[in-house]
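Enquirer: Here you go, this is query.txt (compact mmCIF, C-alpha atoms).
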# COMPACT_ATOMS: atom_id res chain seq x y z
CA MET A 1 65.51 18.61 73.64
CA ALA A 2 65.20 14.88 73.68
CA GLU A 3 63.00 13.64 76.49
CA LEU A 4 65.04 12.35 79.40
CA THR A 5 64.47 9.63 81.91
CA SER A 6 61.81 10.34 84.50
CA ALA A 7 62.77 11.14 88.09
CA LYS A 8 62.27 7.52 89.09
CA GLY A 9 63.45 5.76 85.95
CA ARG A 10 67.03 5.04 85.08
CA GLU A 11 66.83 4.08 81.38
CA PRO A 12 67.20 6.93 78.82
CA GLN A 13 64.48 7.13 76.19
CA ASP A 14 66.87 8.41 73.54
CA GLU A 15 70.25 7.12 72.50
CA ALA A 16 72.80 7.40 75.30
CA ALA A 17 75.32 9.53 73.45
CA THR A 18 72.65 12.01 72.34
CA CYS A 19 71.33 12.39 75.89
CA ALA A 20 74.80 12.96 77.34
CA LYS A 21 75.60 15.63 74.75
CA THR A 22 72.20 17.26 75.26
CA LEU A 23 72.73 17.59 79.00
CA LEU A 24 76.25 18.95 78.58
CA ARG A 25 75.14 21.39 75.87
CA ALA A 26 72.41 22.72 78.16
CA VAL A 27 74.91 23.92 80.77
CA ALA A 28 77.88 24.78 78.52
CA CYS A 29 76.68 26.02 75.15
CA GLY A 30 77.69 29.64 75.77
CA PRO A 31 76.78 32.59 78.00
CA LYS A 32 73.61 33.50 76.06
CA ARG A 33 72.10 30.05 75.60
CA ALA A 34 73.43 28.09 78.57
CA ARG A 35 70.99 27.39 81.37
CA SER A 36 70.75 25.49 84.63
CA LEU A 37 69.65 21.88 84.59
CA THR A 38 66.26 20.96 85.92
CA LEU A 39 65.98 18.61 88.88
CA ILE A 40 65.16 15.69 86.56
CA GLU A 41 68.08 16.51 84.26
CA SER A 42 70.55 16.82 87.14
CA ARG A 43 69.34 13.52 88.57
CA SER A 44 69.57 11.87 85.15
CA LEU A 45 73.11 13.16 84.61
CA LEU A 46 74.51 11.35 87.64
CA LEU A 47 72.40 8.22 87.15
CA GLY A 48 73.49 8.16 83.51
CA TRP A 49 77.11 8.32 84.60
CA SER A 50 76.48 5.44 87.02
CA ASP A 51 74.97 3.41 84.16
CA SER A 52 77.93 4.35 81.91
CA TRP A 53 75.92 6.21 79.26
CA VAL A 54 77.38 9.53 80.46
CA PRO A 55 81.20 9.31 80.21
CA ASP A 56 83.52 10.64 82.90
CA VAL A 57 84.60 13.55 80.73
CA SER A 58 81.00 14.70 80.21
CA LEU A 59 80.10 14.50 83.90
CA GLY A 60 83.36 16.22 84.84
CA ALA A 61 82.80 19.02 82.33
CA ALA A 62 79.24 19.59 83.54
CA LEU A 63 80.34 19.66 87.18
CA MET A 64 83.08 22.20 86.41
CA VAL A 65 80.68 24.49 84.54
CA MET A 66 78.09 24.33 87.33
CA ARG A 67 80.78 24.99 89.91
CA SER A 68 82.07 28.00 87.98
CA ARG A 69 78.70 29.73 87.55
CA GLY A 70 77.16 28.55 90.84
CA GLU A 71 74.87 25.57 91.30
CA SER A 72 71.11 26.04 91.33
CA CYS A 73 68.89 24.55 94.03
CA ALA A 74 67.34 22.18 91.49
CA GLU A 75 70.76 20.94 90.38
CA VAL A 76 71.87 20.21 93.95
CA ALA A 77 68.56 18.54 94.80
CA GLY A 78 68.73 16.42 91.64
CA MET A 79 72.23 15.23 92.51
CA ALA A 80 71.18 14.45 96.09
CA LEU A 81 68.22 12.42 94.82
CA ALA A 82 70.48 10.55 92.40
CA LEU A 83 72.86 9.74 95.24
CA ARG A 84 69.90 8.42 97.23
CA ASP A 85 68.96 6.27 94.22
CA LEU A 86 72.48 4.81 94.24
CA ILE A 87 72.54 3.97 97.96
CA ASP A 88 73.29 0.32 98.56
CA ALA A 89 70.55 -0.58 101.01
CA GLY A 90 71.72 -4.19 101.03
CA GLN A 91 69.66 -6.94 102.58
CA PRO A 92 68.73 -7.18 106.25
CA GLU A 93 71.08 -9.51 108.04
CA PRO A 94 69.62 -12.52 109.88
CA GLY A 95 67.90 -11.44 113.05
CA LEU A 96 67.68 -7.77 112.09
CA GLY A 97 63.96 -7.86 111.30
CA GLY A 98 62.23 -5.54 108.86
CA TRP A 99 63.53 -2.34 107.38
CA VAL A 100 61.97 0.05 109.91
CA ASP A 101 60.44 -2.18 112.58
CA GLY A 102 61.74 -1.22 116.00
CA MET A 103 63.71 1.81 114.77
CA PRO A 104 63.74 4.56 117.44
CA ASP A 105 63.84 8.26 116.66
CA PHE A 106 67.41 9.16 115.74
CA PHE A 107 69.47 11.99 114.31
CA ASP A 108 71.08 12.07 110.88
CA TRP A 109 74.35 14.00 111.34
CA PRO A 110 76.50 14.34 108.18
CA CYS A 111 80.18 15.21 108.79
CA TYR A 112 82.11 15.44 105.52
CA ALA A 113 84.52 18.39 105.49
CA GLY A 114 86.58 17.71 108.61
CA LYS A 115 87.29 20.28 111.31
CA ARG A 116 90.25 22.58 110.69
CA GLY A 117 92.98 22.08 113.27
CA GLN A 118 90.62 21.12 116.11
CA PHE A 119 89.00 18.01 117.51
CA PRO A 120 85.29 17.61 116.56
CA TRP A 121 83.89 18.02 120.08
CA LEU A 122 80.40 17.25 118.81
CA LEU A 123 81.34 13.57 119.27
CA TYR A 124 81.02 13.90 123.04
CA GLY A 125 77.61 15.46 122.49
CA VAL A 126 76.68 12.42 120.41
CA LYS A 127 77.76 10.14 123.28
CA ARG A 128 75.62 12.11 125.72
CA LEU A 129 72.59 11.98 123.42
CA GLU A 130 73.02 8.22 123.23
CA ARG A 131 73.06 7.99 127.04
CA GLU A 132 69.89 10.07 127.10
CA GLY A 133 68.18 7.61 124.75
CA ILE A 134 68.61 9.31 121.35
CA PRO A 135 71.05 7.54 119.00
CA VAL A 136 72.83 9.38 116.20
CA LEU A 137 73.85 8.23 112.73
CA LEU A 138 77.07 10.00 111.78
CA HIS A 139 78.25 9.62 108.19
CA GLY A 140 81.12 11.05 106.20
CA ASP A 141 84.20 10.35 104.13
CA SER A 142 87.40 10.23 106.17
CA GLU A 143 89.48 8.15 103.75
CA THR A 144 92.12 10.38 102.21
CA ASP A 145 95.62 9.92 100.84
CA VAL A 146 96.38 13.63 101.06
CA PRO A 147 97.97 14.99 104.29
CA SER A 148 95.54 17.40 105.92
CA ARG A 149 95.21 19.53 109.04
CA ARG A 150 91.54 18.63 109.19
CA CYS A 151 90.29 16.27 111.89
CA HIS A 152 87.70 14.01 110.28
CA VAL A 153 85.02 12.52 112.50
CA GLY A 154 85.63 9.06 111.08
CA GLN A 155 89.25 9.18 112.25
CA MET A 156 88.39 10.21 115.83
CA LEU A 157 85.77 7.61 116.75
CA ALA A 158 88.00 5.37 118.89
CA GLN A 159 88.92 8.30 121.12
CA VAL A 160 85.26 8.72 122.09
CA GLY A 161 84.08 5.13 121.83
CA ILE A 162 81.66 5.39 118.90
CA PRO A 163 81.59 2.27 116.68
CA LYS A 164 81.99 2.30 112.91
CA ALA A 165 79.34 0.36 110.97
CA SER A 166 80.51 -1.66 107.99
CA SER A 167 77.16 -1.60 106.18
CA ILE A 168 73.74 0.01 106.24
CA ALA A 169 72.35 -3.18 107.77
CA GLU A 170 74.83 -2.97 110.64
CA ALA A 171 74.06 0.72 111.14
CA ARG A 172 70.37 -0.15 111.46
CA TYR A 173 71.28 -2.77 114.05
CA PHE A 174 73.20 -0.23 116.15
CA LEU A 175 70.33 2.26 115.95
CA ARG A 176 67.76 -0.36 116.94
CA GLU A 177 69.90 -1.00 120.00
CA ARG A 178 69.85 2.77 120.64
CA LYS A 179 73.57 3.04 119.98
CA SER A 180 75.13 5.79 117.92
CA CYS A 181 77.45 4.82 115.08
CA TYR A 182 79.42 6.17 112.13
CA LEU A 183 78.71 4.94 108.60
CA PRO A 184 81.49 5.64 106.06
CA LEU A 185 80.42 6.90 102.68
CA GLY A 186 81.99 3.91 100.95
CA ALA A 187 79.51 1.65 102.76
CA ILE A 188 76.60 3.86 101.68
CA LEU A 189 77.53 4.39 98.03
CA PRO A 190 79.37 1.58 96.21
CA GLN A 191 80.03 4.07 93.38
CA TRP A 192 81.79 6.54 95.67
CA PRO A 193 85.42 5.42 95.03
CA ARG A 194 84.90 5.93 91.30
CA LEU A 195 83.20 9.28 91.82
CA LYS A 196 85.86 10.39 94.28
CA ALA A 197 88.60 9.49 91.79
CA LEU A 198 86.91 11.75 89.22
CA HIS A 199 86.81 14.58 91.76
CA GLN A 200 90.50 14.15 92.50
CA GLN A 201 91.30 14.13 88.81
CA LEU A 202 89.40 17.38 88.30
CA GLY A 203 91.02 18.92 91.37
CA ILE A 204 87.87 20.82 92.41
CA ARG A 205 84.95 20.55 94.75
CA SER A 206 81.55 20.24 93.11
CA LEU A 207 77.87 20.32 93.92
CA ILE A 208 78.11 16.60 94.72
CA THR A 209 80.11 17.58 97.81
CA GLN A 210 77.17 19.74 98.87
CA ALA A 211 74.54 17.18 97.84
CA LEU A 212 76.04 14.54 100.15
CA LYS A 213 74.78 16.51 103.16
CA PHE A 214 71.19 15.88 102.13
CA ILE A 215 71.16 12.16 101.34
CA ASN A 216 69.85 11.08 104.78
CA PRO A 217 70.70 7.44 103.96
CA LEU A 218 68.47 5.82 106.60
CA ASP A 219 65.56 8.29 106.35
CA ALA A 220 66.07 9.68 109.86
CA PRO A 221 63.19 11.76 111.24
CA MET A 222 65.62 14.49 112.40
CA GLY A 223 68.72 15.89 110.73
CA MET A 224 71.51 18.39 111.42
CA ARG A 225 72.60 20.50 108.43
CA ALA A 226 75.38 23.09 108.30
CA PHE A 227 76.61 25.58 105.73
CA PHE A 228 79.94 27.38 105.94
CA HIS A 229 79.57 30.61 103.97
CA PRO A 230 77.30 33.59 104.69
CA LYS A 231 73.70 33.82 103.47
CA LEU A 232 73.32 30.24 102.24
CA GLU A 233 70.41 29.35 104.51
CA GLY A 234 67.77 30.17 101.87
CA HIS A 235 69.55 28.08 99.24
CA TYR A 236 69.84 25.10 101.59
CA ALA A 237 66.20 25.38 102.67
CA ARG A 238 64.98 25.34 99.07
CA VAL A 239 67.13 22.28 98.32
CA MET A 240 65.55 20.52 101.32
CA GLY A 241 62.08 21.42 100.08
CA LEU A 242 62.73 20.04 96.59
CA ILE A 243 64.10 16.79 98.00
CA ALA A 244 61.17 16.39 100.39
CA ASN A 245 58.68 16.88 97.56
CA GLU A 246 60.26 13.98 95.66
CA THR A 247 60.87 11.56 98.53
CA ALA A 248 58.01 12.39 100.93
CA VAL A 249 60.45 11.67 103.78
CA ASP A 250 59.26 13.68 106.78
CA CYS A 251 62.55 14.89 108.24
CA ARG A 252 62.67 17.83 110.64
CA GLN A 253 66.03 19.53 110.02
CA LEU A 254 68.08 22.10 111.88
CA LEU A 255 70.13 24.46 109.73
CA PHE A 256 72.95 26.67 110.98
CA ARG A 257 76.38 27.98 110.05
CA GLY A 258 78.96 25.36 111.00
CA PHE A 259 82.28 25.92 112.71
CA GLN A 260 85.73 25.32 111.19
CA GLY A 261 84.25 23.04 108.53
CA GLU A 262 82.26 20.81 110.88
CA THR A 263 78.54 20.38 111.53
CA GLU A 264 78.57 21.99 114.97
CA PRO A 265 77.80 25.54 116.14
CA ASN A 266 80.59 27.92 117.11
CA PRO A 267 80.30 28.26 120.91
CA ARG A 268 82.04 31.66 120.86
CA VAL A 269 79.41 33.52 118.81
CA ASP A 270 75.63 33.83 118.71
CA THR A 271 74.31 31.36 116.13
CA PRO A 272 70.97 31.70 114.28
CA LEU A 273 69.17 28.36 113.97
CA TRP A 274 66.64 27.64 111.25
CA CYS A 275 64.19 24.77 111.69
CA ILE A 276 63.17 23.34 108.32
CA GLU A 277 60.15 21.06 108.08
CA PRO A 278 59.73 20.84 104.29
CA LEU A 279 56.53 18.77 104.25
CA ALA A 280 54.86 21.08 106.78
CA GLN A 281 56.10 24.44 105.46
CA ALA A 282 54.89 26.14 102.32
CA ALA A 283 57.50 27.27 99.80
CA SER A 284 56.72 30.89 100.72
CA ASP A 285 57.84 30.14 104.30
CA LEU A 286 61.31 29.14 103.10
CA ASP A 287 62.15 32.40 101.29
CA PRO A 288 62.90 34.74 102.97
CA LEU A 289 63.83 32.45 105.81
CA GLN A 290 63.61 33.60 109.40
CA PRO A 291 65.60 31.95 112.22
CA ARG A 292 63.52 29.95 114.69
CA TRP A 293 66.06 30.45 117.48
CA HIS A 294 69.28 32.30 118.29
CA LEU A 295 71.77 30.21 120.23
CA SER A 296 73.81 32.49 122.49
CA ALA A 297 77.57 32.19 122.84
CA CYS A 298 78.35 29.82 125.71
CA ALA A 299 82.17 29.77 125.71
CA PRO A 300 84.39 31.74 128.09
CA GLU A 301 85.45 35.12 126.74
CA GLY A 302 88.96 35.55 125.38
CA THR A 303 91.03 34.91 122.29
CA GLN A 304 91.29 31.44 120.79
CA ALA A 305 94.91 31.20 121.97
CA THR A 306 93.99 32.25 125.52
CA LEU A 307 91.11 29.80 125.73
CA THR A 308 93.23 26.97 124.35
CA ALA A 309 95.89 27.70 126.97
CA LEU A 310 93.25 27.68 129.73
CA GLY A 311 91.98 24.26 128.72
CA ASP A 312 94.41 21.62 127.47
CA ASP A 313 92.83 19.22 124.94
CA MET A 314 94.33 16.14 126.58
CA LEU A 315 92.87 17.06 129.96
CA ALA A 316 89.57 17.92 128.29
CA HIS A 317 89.41 14.46 126.71
CA ARG A 318 90.01 12.81 130.08
CA ARG A 319 87.40 14.96 131.76
CA LEU A 320 84.76 14.50 129.06
CA ALA A 321 85.38 10.77 128.72
CA ALA A 322 84.97 10.26 132.47
CA ALA A 323 81.84 12.43 132.77
CA GLU A 324 78.43 10.80 133.01
CA LEU A 325 77.03 13.77 131.07
CA PRO A 326 79.84 15.20 128.90
CA GLY A 327 79.75 18.99 128.81
CA ALA A 328 77.66 19.39 131.97
CA PHE A 329 79.16 21.81 134.53
CA ASP A 330 82.25 22.09 132.30
CA ASP A 331 83.27 25.71 131.79
CA SER A 332 86.14 25.09 129.39
CA LEU A 333 86.08 25.98 125.70
CA GLN A 334 85.87 22.26 124.89
CA GLY A 335 82.92 21.80 127.24
CA ALA A 336 81.19 24.78 125.64
CA SER A 337 81.69 23.23 122.20
CA VAL A 338 79.96 20.06 123.40
CA ARG A 339 77.09 22.07 124.90
CA ALA A 340 76.53 24.13 121.76
CA SER A 341 75.98 20.95 119.72
CA LEU A 342 73.80 19.46 122.46
CA ALA A 343 71.64 22.57 122.73
CA ALA A 344 71.06 22.54 118.97
CA ALA A 345 70.09 18.86 119.16
CA TYR A 346 67.71 19.48 122.09
CA LEU A 347 65.91 22.15 120.07
CA LEU A 348 65.66 19.92 117.02
CA GLY A 349 64.37 17.02 119.12
CA LYS A 350 61.81 19.28 120.86
CA ARG A 351 63.34 18.63 124.25
CA ALA A 352 63.63 22.39 124.77
CA ARG A 353 61.38 25.19 123.55
CA THR A 354 63.85 28.06 123.73
CA ALA A 355 67.56 28.37 123.08
CA ASP A 356 68.23 29.46 126.67
CA GLU A 357 66.37 26.41 127.98
CA ALA A 358 68.38 24.17 125.65
CA LEU A 359 71.67 25.64 126.89
CA ARG A 360 70.58 25.21 130.51
CA LEU A 361 69.74 21.56 129.87
CA ALA A 362 73.09 21.05 128.15
CA TYR A 363 74.87 22.63 131.10
CA GLY A 364 73.03 20.37 133.52
CA ASP A 365 70.45 22.77 134.96
CA GLY A 366 66.86 21.71 135.50
CA ALA A 367 65.94 18.21 136.58
CA GLU A 368 69.47 16.92 136.01
CA GLY A 369 71.28 19.94 137.40
CA GLU A 370 69.52 21.12 140.53
CA SER A 371 72.72 20.20 142.38
CA LEU A 372 74.13 23.55 141.22
CA VAL A 373 72.19 25.20 144.03
CA LYS A 374 71.24 22.26 146.25
CA GLY A 375 74.66 20.62 146.43
CA SER A 376 77.45 21.16 148.94
CA GLY A 377 80.16 22.43 146.57
CA ALA A 378 81.60 25.92 146.21
CA VAL A 379 79.29 26.88 143.33
CA ALA A 380 76.19 25.82 145.28
CA THR A 381 77.39 27.70 148.38
CA LEU A 382 78.05 30.90 146.42
CA CYS A 383 74.67 30.66 144.66
CA ARG A 384 72.88 30.26 148.00
CA GLU A 385 74.68 33.31 149.39
CA LEU A 386 73.60 35.34 146.36
CA MET A 387 70.03 34.09 146.84
CA ALA A 388 70.19 35.10 150.51
CA ALA A 389 71.14 38.58 149.30
CA GLY A 390 67.97 38.75 147.22
CA ALA A 391 68.82 37.11 143.87
CA ALA A 392 66.48 34.55 142.35
CA GLU A 393 67.87 31.04 141.82
CA ALA A 394 68.19 31.40 138.04
CA GLU A 395 69.69 34.88 138.46
CA ALA A 396 72.29 33.62 140.95
CA VAL A 397 73.36 30.78 138.68
CA GLY A 398 73.43 33.15 135.69
CA LEU A 399 75.61 35.68 137.53
CA VAL A 400 78.20 33.05 138.44
CA ARG A 401 78.19 31.61 134.93
CA ARG A 402 78.55 34.99 133.19
CA TYR A 403 81.41 35.99 135.47
CA SER A 404 83.05 32.63 134.75
CA MET A 405 82.77 33.28 131.01
CA GLN A 406 84.17 36.82 131.38
CA THR A 407 87.18 35.75 133.45
CA GLY A 408 87.84 32.47 131.64
CA LYS A 409 87.92 30.64 134.98
CA PRO A 410 85.94 27.43 135.64
CA MET A 411 82.90 28.05 137.84
CA VAL A 412 84.26 25.92 140.68
CA GLN A 413 87.58 27.80 140.78
CA LEU A 414 85.81 31.15 140.52
CA ALA A 415 83.36 30.28 143.32
CA GLN A 416 86.19 29.15 145.60
CA GLU A 417 88.08 32.42 145.04
CA LEU A 418 84.99 34.59 145.64
CA LEU A 419 84.06 32.69 148.80
CA ARG A 420 87.60 33.14 150.14
CA GLN A 421 87.39 36.87 149.39
CA ARG A 422 84.02 37.16 151.15
CA SER A 423 85.36 35.23 154.12
CA ALA A 424 88.45 37.46 154.33
CA ALA A 425 86.32 40.61 154.08
CA ALA A 426 84.03 39.35 156.84
CA ARG A 427 87.00 38.99 159.19
What do you get writing this file as structure tokens?

Expert:
Amino acid sequence: MAELTSAKGREPQDEAATCAKTLLRAVACGPKRARSLTLIESRSLLLGWSDSWVPDVSLGAALMVMRSRGESCAEVAGMALALRDLIDAGQPEPGLGGWVDGMPDFFDWPCYAGKRGQFPWLLYGVKRLEREGIPVLLHGDSETDVPSRRCHVGQMLAQVGIPKASSIAEARYFLRERKSCYLPLGAILPQWPRLKALHQQLGIRSLITQALKFINPLDAPMGMRAFFHPKLEGHYARVMGLIANETAVDCRQLLFRGFQGETEPNPRVDTPLWCIEPLAQAASDLDPLQPRWHLSACAPEGTQATLTALGDDMLAHRRLAAAELPGAFDDSLQGASVRASLAAAYLLGKRARTADEALRLAYGDGAEGESLVKGSGAVATLCRELMAAGAAEAEAVGLVRRYSMQTGKPMVQLAQELLRQRSAAAR
């Protein structure tokens, strides 16, 4: 096969038409001779399309074949690297300083699919992380002409008060100021409208959709990554390893199964969490992959319909927007959704060592939440009575919380009812 461009070069060493046909023939020459593309070939395919030596029809055909037979890790990694090559870094605006000077630690949080029929409650978790000193870069593609039941993060920003950056330079400015922001894909990749039009013409999803999750456009030191079908964690981890080997970007990443199409854990089920540190882990550590943590369910028990009826979204928005720490001491399904995302972020950011500790911090226990027992409210009073009966502090809080989850009642309401019952029994 004719030698292709190197991983860093963008000019083909053979005639353009020959290279395009060679790449297409490699993936589509028949069941016996077809093969997967290497990382360099996959990267060259997309860069060649960007430089117009791979026509739309050739790229589209290759994407359809790869989609049909299943994309390899090298193919996804190559596409992700090509997308990184095409990122429009722009020029620093006056007063912004250097590229990385003054940049705090921040999270890279890709949100591309949109959440099915529900608000992306992770946004309130992002606001709380910002208040705690850790900004988040959200990025995704929310521009669509097709009616959809999905709630895209980019369309919900105003409701939470997260700004939208118009360029990478502006996103850097927000992050330097320790403010979270959302960066639309069109501002990251100038070629995206053209690539999106090709996707719409084909009428299919492709490995590019998956590759977008790994582009980490501002080289964040921490990243949230979600998959949405069973047993994909090993595939994703190997993709991360291949990308890290090429870029040498040291990004600690948390991998988990997302919920309803969004990069947030499902608060109603136990969620395995994999911590991927590609530059620190050997390839043998990534396959088979073992979860670092298991995040326990933190939502009240009950059916989705029951839980939705117990907690109206409009009231939840008012409550979360007014809270100093969104999700803290909030026993609704919406509050649990916020806490699940927060707990995952605390583990990734090394603020907590165990999943239980992360959930306690998200709930408001510990340094920020001692008022659960030391305050004057109904929950604190009930916990102190349980402690007087012999329960440890953590056990008392845990008993009240578990009973709250089982009954679907907020902890405050539950504590008030139990205290009234105890008072009536005492009389």

Enquirer: Select, from A:Arg172, A:Arg339, A:Arg84, A:His317, the residue with the minimum atom-to-atom distance to Val136 in chain A, counting only C-alpha atoms.

Expert: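 Answer, going by the shortest atom-to-atom distance: A:Arg172.
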
Enquirer: Ranking A:Ile40, A:His152, A:Glu233, A:Leu325 by minimum distance to Glu130 in chain A and counting all atoms listed in the file, which one comes first?

Expert: A:Leu325

Enquirer: So that I can check the surroundings of Lys164 in chain A, please list as a ChimeraX atom specification every protein, DNA and RNA residue that reaches within 10 Å of it, counting only C-alpha atoms and ignoring chain neighbours fewer than 2 positions away.

Expert: /A:138-139,154,157-158,161-162,166-167,170-171,174,180-184

Enquirer: Which one of A:Leu129, A:Val239, A:Ala226, A:Val269 sits closest to Ala77 in chain A if you count all atoms listed in the file?

Expert: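 Of A:Leu129, A:Val239, A:Ala226, A:Val269, the one nearest Ala77 in chain A is A:Val239, counting all atoms listed in the file.
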
Enquirer: Which residue out of A:Leu47, A:Ile243, A:Ile208, A:Ala355 has the minimum interatomic distance to Ala20 in chain A when all atoms listed in the file are used?

Expert: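 Nearest to Ala20 in chain A: A:Leu47.
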
Enquirer: Determine, counting all atoms listed in the file, every residue of protein, DNA or RNA that lies within 8 Å of (65.6, 17.4, 86.4) in the file coordinates, then give the result as number ranges by chain.

Expert: A: 7, 37-44, 74-75, 78

Enquirer: Store the residues of this selection in a file with C-alpha atoms, as a PDB file, in the coordinates of the input.

Expert:
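Final output, again-v9.pdb:
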ATOM      1  CA  ALA A   7      62.770  11.140  88.090  1.00  0.00           C
ATOM      2  CA  LEU A  37      69.650  21.880  84.590  1.00  0.00           C
ATOM      3  CA  THR A  38      66.260  20.960  85.920  1.00  0.00           C
ATOM      4  CA  LEU A  39      65.980  18.610  88.880  1.00  0.00           C
ATOM      5  CA  ILE A  40      65.160  15.690  86.560  1.00  0.00           C
ATOM      6  CA  GLU A  41      68.080  16.510  84.260  1.00  0.00           C
ATOM      7  CA  SER A  42      70.550  16.820  87.140  1.00  0.00           C
ATOM      8  CA  ARG A  43      69.340  13.520  88.570  1.00  0.00           C
ATOM      9  CA  SER A  44      69.570  11.870  85.150  1.00  0.00           C
ATOM     10  CA  ALA A  74      67.340  22.180  91.490  1.00  0.00           C
ATOM     11  CA  GLU A  75      70.760  20.940  90.380  1.00  0.00           C
ATOM     12  CA  GLY A  78      68.730  16.420  91.640  1.00  0.00           C
TER      13      GLY A  78
END

Enquirer: Counting only C-alpha atoms, find residues at most 10 Å from (76.6, 21.1, 77.5) (file frame) and give them as a PyMOL selection string.

Expert: chain A and resi 20-30+34-35+37+58-59+61-62+65

Enquirer: Give me a file of those residues, with C-alpha atoms, as a PDB file, in the frame of the given file.

Expert:
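Once everything was written out, this is selection-v9.pdb:
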ATOM      1  CA  ALA A  20      74.800  12.960  77.340  1.00  0.00           C
ATOM      2  CA  LYS A  21      75.600  15.630  74.750  1.00  0.00           C
ATOM      3  CA  THR A  22      72.200  17.260  75.260  1.00  0.00           C
ATOM      4  CA  LEU A  23      72.730  17.590  79.000  1.00  0.00           C
ATOM      5  CA  LEU A  24      76.250  18.950  78.580  1.00  0.00           C
ATOM      6  CA  ARG A  25      75.140  21.390  75.870  1.00  0.00           C
ATOM      7  CA  ALA A  26      72.410  22.720  78.160  1.00  0.00           C
ATOM      8  CA  VAL A  27      74.910  23.920  80.770  1.00  0.00           C
ATOM      9  CA  ALA A  28      77.880  24.780  78.520  1.00  0.00           C
ATOM     10  CA  CYS A  29      76.680  26.020  75.150  1.00  0.00           C
ATOM     11  CA  GLY A  30      77.690  29.640  75.770  1.00  0.00           C
ATOM     12  CA  ALA A  34      73.430  28.090  78.570  1.00  0.00           C
ATOM     13  CA  ARG A  35      70.990  27.390  81.370  1.00  0.00           C
ATOM     14  CA  LEU A  37      69.650  21.880  84.590  1.00  0.00           C
ATOM     15  CA  SER A  58      81.000  14.700  80.210  1.00  0.00           C
ATOM     16  CA  LEU A  59      80.100  14.500  83.900  1.00  0.00           C
ATOM     17  CA  ALA A  61      82.800  19.020  82.330  1.00  0.00           C
ATOM     18  CA  ALA A  62      79.240  19.590  83.540  1.00  0.00           C
ATOM     19  CA  VAL A  65      80.680  24.490  84.540  1.00  0.00           C
TER      20      VAL A  65
END

Enquirer: Considering all atoms listed in the file, state which residue in the set A:Ala322, A:Leu195, A:Cys251, A:Leu386 is at the smallest distance from Arg422 in chain A.

Expert: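 For Arg422 in chain A, the nearest of the given residues is A:Leu386.
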
Enquirer: CA of Asp56 in chain A to CA of Leu218 in chain A: how many Å, to one decimal?

Expert: 28.5 Å

Enquirer: So that I can check the surroundings of Gly125 in chain A, please list as an NGL selection string every protein, DNA and RNA residue that reaches within 12 Å of it, counting all atoms listed in the file and ignoring chain neighbours fewer than 3 positions away.

Expert: :A and (109 or 120-122 or 128-132 or 134-136 or 160 or 162 or 180 or 264-265 or 320-321 or 323-328 or 334-346 or 362-363)
